[in-house]
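Q: Before I ask anything, let me first share the structure, which is written out below as structure tokens.
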Amino acid sequence: MLLVLCVDLDDDLGRKTDFDTPVVGRDNVEAAAVALATADPEDSDVNVMFEGVHLADRIEDETVEVAVVTGTDGGDIAANRAVGDEVDEVLASLSTREEVQAVIVTDGAQDESVIPVIRSRVPIDGVRRVVVRQAQDLESMYYTIKQVLDDPETRGTILVPLGILLLIYPLAIISDSLGLPGAAVFGVTSGLLGLYVLGRGLGVERLLDRAAEKARNSLYAGRVTLITYVVAAALLVVGGVRGVETLESVEASAGGPVGPLEVLAALVHGAVTWFTAAGVTTSLGQITDEYLADRFQWRYLNAPFYVLSIALVLHAISAYFLHRVPLELPRLTYLAVMLTVGTVLGLTSTLAFAIAESRRSRRAEPS
């Protein structure tokens, strides 16, 4: 007996129609092919099943049976195992004492990866790959290009860089007419193109989509963190400006440029207060949201104290290098005191909230 096996590795038949697999018998396979063609006329597995029926009809010198076996969506090891199980089911359903040989019908190399699994169960006489013939005329080319450009992923990948490239020359002409250097326009446009290609390669657009979706959900859910993030962003901007102003003040006092260590200390000294306010604001917003969602834990309260501890240390170190120690204390003494205070504050908050969390857990345990 010759068994014509039509392989649908990603289970298009099971996902798109109501047919249970495996499908055994010429008429059943033909009906399954018609159902799949009705559900998705562009699916290549339709041609695989019709080719299986066609092969079964052409062979007249021996007994022929045709069947469709499917895997799972994804085409991995699980799909190969599913095909193997269905082949076993087909072989068990054949009521014949003759030796069974198989002919495999597929639509490409991906489905043919399952051939070793089938060969371990039944000898294979041949493999028939179905390739649909397409008319090589202008209409076919136009339809193919239209189908490609209708895909949003392909459209964004191809058309946007192409559009930027086409804009380089007219932008250069406009810049020349305005008295601007054309090389600068070319460099800026090339830089934009490079950033776009790099962003597509790193998947930045997906990160931005997820961030926008998260922000939208936070807005609709009434999350406090949405407000605190906006406030924190404003505080960070103000802190950056204050850091630059402090650096300018230090350079003016020194009568010229200062060393890298003084530059870093000036930027930190001017910005640390505002950055600390931003950190405390965001941590309090997050704690509030956790409390409202009934997920609050005492150790969450460590966050604002940790921010304050780090701020005290950074302020003391930057003040030490800039000779801006308050309270008329020696620089080294002030640094030692602030480092000690920052360390003690962090340790105290950690121990206090750990004890509170432990007592809360004991009270929550059933007696």
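Order determines the names: the first chain of the structure tokens is A, the second B, and so forth; residues in each chain are numbered 1 upward, and ligands are numbered 1 upward as they are shown.
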Would you kindly return, as an MDAnalysis selection string, each protein, DNA or RNA residue with an atom no farther than 8 Å from any atom of A:Gly71, considering only C-alpha atoms and excluding same-chain residues fewer than 4 positions away?
A: chainID A and resid 8:11 75 78:83
Q: Please produce, as CSV, a per-residue contact table for stretch 191-310 of chain A versus stretch 315-336 of chain A (criterion: any atom at most 12 Å away, only C-alpha atoms considered), showing the nearest atom pair and its distance in Å to one decimal, sorted by chain then residue number.
A:
residue,atom,partner,partner_atom,distance
A:Gly243,CA,A:Ser318,CA,11.5
A:Thr246,CA,A:Leu322,CA,10.4
A:Leu247,CA,A:Leu322,CA,10.2
A:Ser249,CA,A:Leu322,CA,11.1
A:Val250,CA,A:Leu322,CA,8.0
A:Glu251,CA,A:Leu322,CA,10.9
A:Ser253,CA,A:Leu322,CA,10.8
A:Ala254,CA,A:Leu322,CA,10.7
A:Val258,CA,A:Leu322,CA,10.7
A:Gly259,CA,A:Phe321,CA,11.1
A:Pro260,CA,A:Phe321,CA,11.4
A:Leu261,CA,A:Phe321,CA,7.9
A:Glu262,CA,A:Leu322,CA,6.7
A:Val263,CA,A:Leu322,CA,9.4
A:Leu264,CA,A:Ser318,CA,8.1
A:Ala265,CA,A:Ser318,CA,4.5
A:Ala266,CA,A:Ser318,CA,6.8
A:Leu267,CA,A:Ser318,CA,8.7
A:Val268,CA,A:Ser318,CA,6.5
A:His269,CA,A:Ser318,CA,5.4
A:Gly270,CA,A:His315,CA,8.9
A:Ala271,CA,A:His315,CA,9.4
A:Val272,CA,A:His315,CA,6.6
A:Thr273,CA,A:His315,CA,8.2
A:Trp274,CA,A:His315,CA,11.5
A:Phe275,CA,A:His315,CA,11.2
A:Thr276,CA,A:His315,CA,10.4
A:Leu308,CA,A:His315,CA,10.3
A:Ser309,CA,A:His315,CA,10.0
A:Ile310,CA,A:His315,CA,8.5
Q: I want to know what sits within 12 Å of A:Val87, based on only C-alpha atoms, with residues of the same chain fewer than 3 positions away left out; could you give that as a ChimeraX atom specification?
A: /A:3-7,21-24,66-71,80-84,90-94,102,104,114-115,117-122
Q: Here is a test: counting only C-alpha atoms, which residue of A:Asp40, A:Glu60, A:Glu86, A:Glu65 is nearest to A:Asn28?
A: A:Glu65
Q: As an exercise, work out the distance from atom CA of A:Pro123 to atom CA of A:Asp43 in Å and give it to one decimal place.
A: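 For atom CA of A:Pro123 relative to atom CA of A:Asp43, the distance reads 28.4 Å.
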Q: Do you know which residues are at most 12 Å from A:Thr17 counting only C-alpha atoms, after dropping those on the same chain fewer than 4 positions away, and could you put them as a PyMOL selection string?
A: chain A and resi 11-13+21+31-40+46
Q: Save the residues we just selected, C-alpha atoms, as a PDB file, in the first residue's frame?
A:
ATOM      1  CA  ASP A  11      -1.575  23.119  11.919  1.00  0.00           C
ATOM      2  CA  ASP A  12      -3.240  25.644   9.628  1.00  0.00           C
ATOM      3  CA  LEU A  13      -6.016  23.118   8.986  1.00  0.00           C
ATOM      4  CA  THR A  21      -6.720  15.755  12.506  1.00  0.00           C
ATOM      5  CA  ALA A  31     -13.302  18.231   1.850  1.00  0.00           C
ATOM      6  CA  ALA A  32     -10.633  19.495   4.255  1.00  0.00           C
ATOM      7  CA  ALA A  33      -8.787  21.213   1.404  1.00  0.00           C
ATOM      8  CA  VAL A  34     -11.983  22.928   0.283  1.00  0.00           C
ATOM      9  CA  ALA A  35     -12.712  24.063   3.843  1.00  0.00           C
ATOM     10  CA  LEU A  36      -9.195  25.470   4.271  1.00  0.00           C
ATOM     11  CA  ALA A  37      -9.362  27.191   0.869  1.00  0.00           C
ATOM     12  CA  THR A  38     -12.652  28.778   1.897  1.00  0.00           C
ATOM     13  CA  ALA A  39     -11.194  29.972   5.209  1.00  0.00           C
ATOM     14  CA  ASP A  40      -7.878  31.195   3.753  1.00  0.00           C
ATOM     15  CA  VAL A  46      -4.441  24.053   0.391  1.00  0.00           C
TER      16      VAL A  46
END
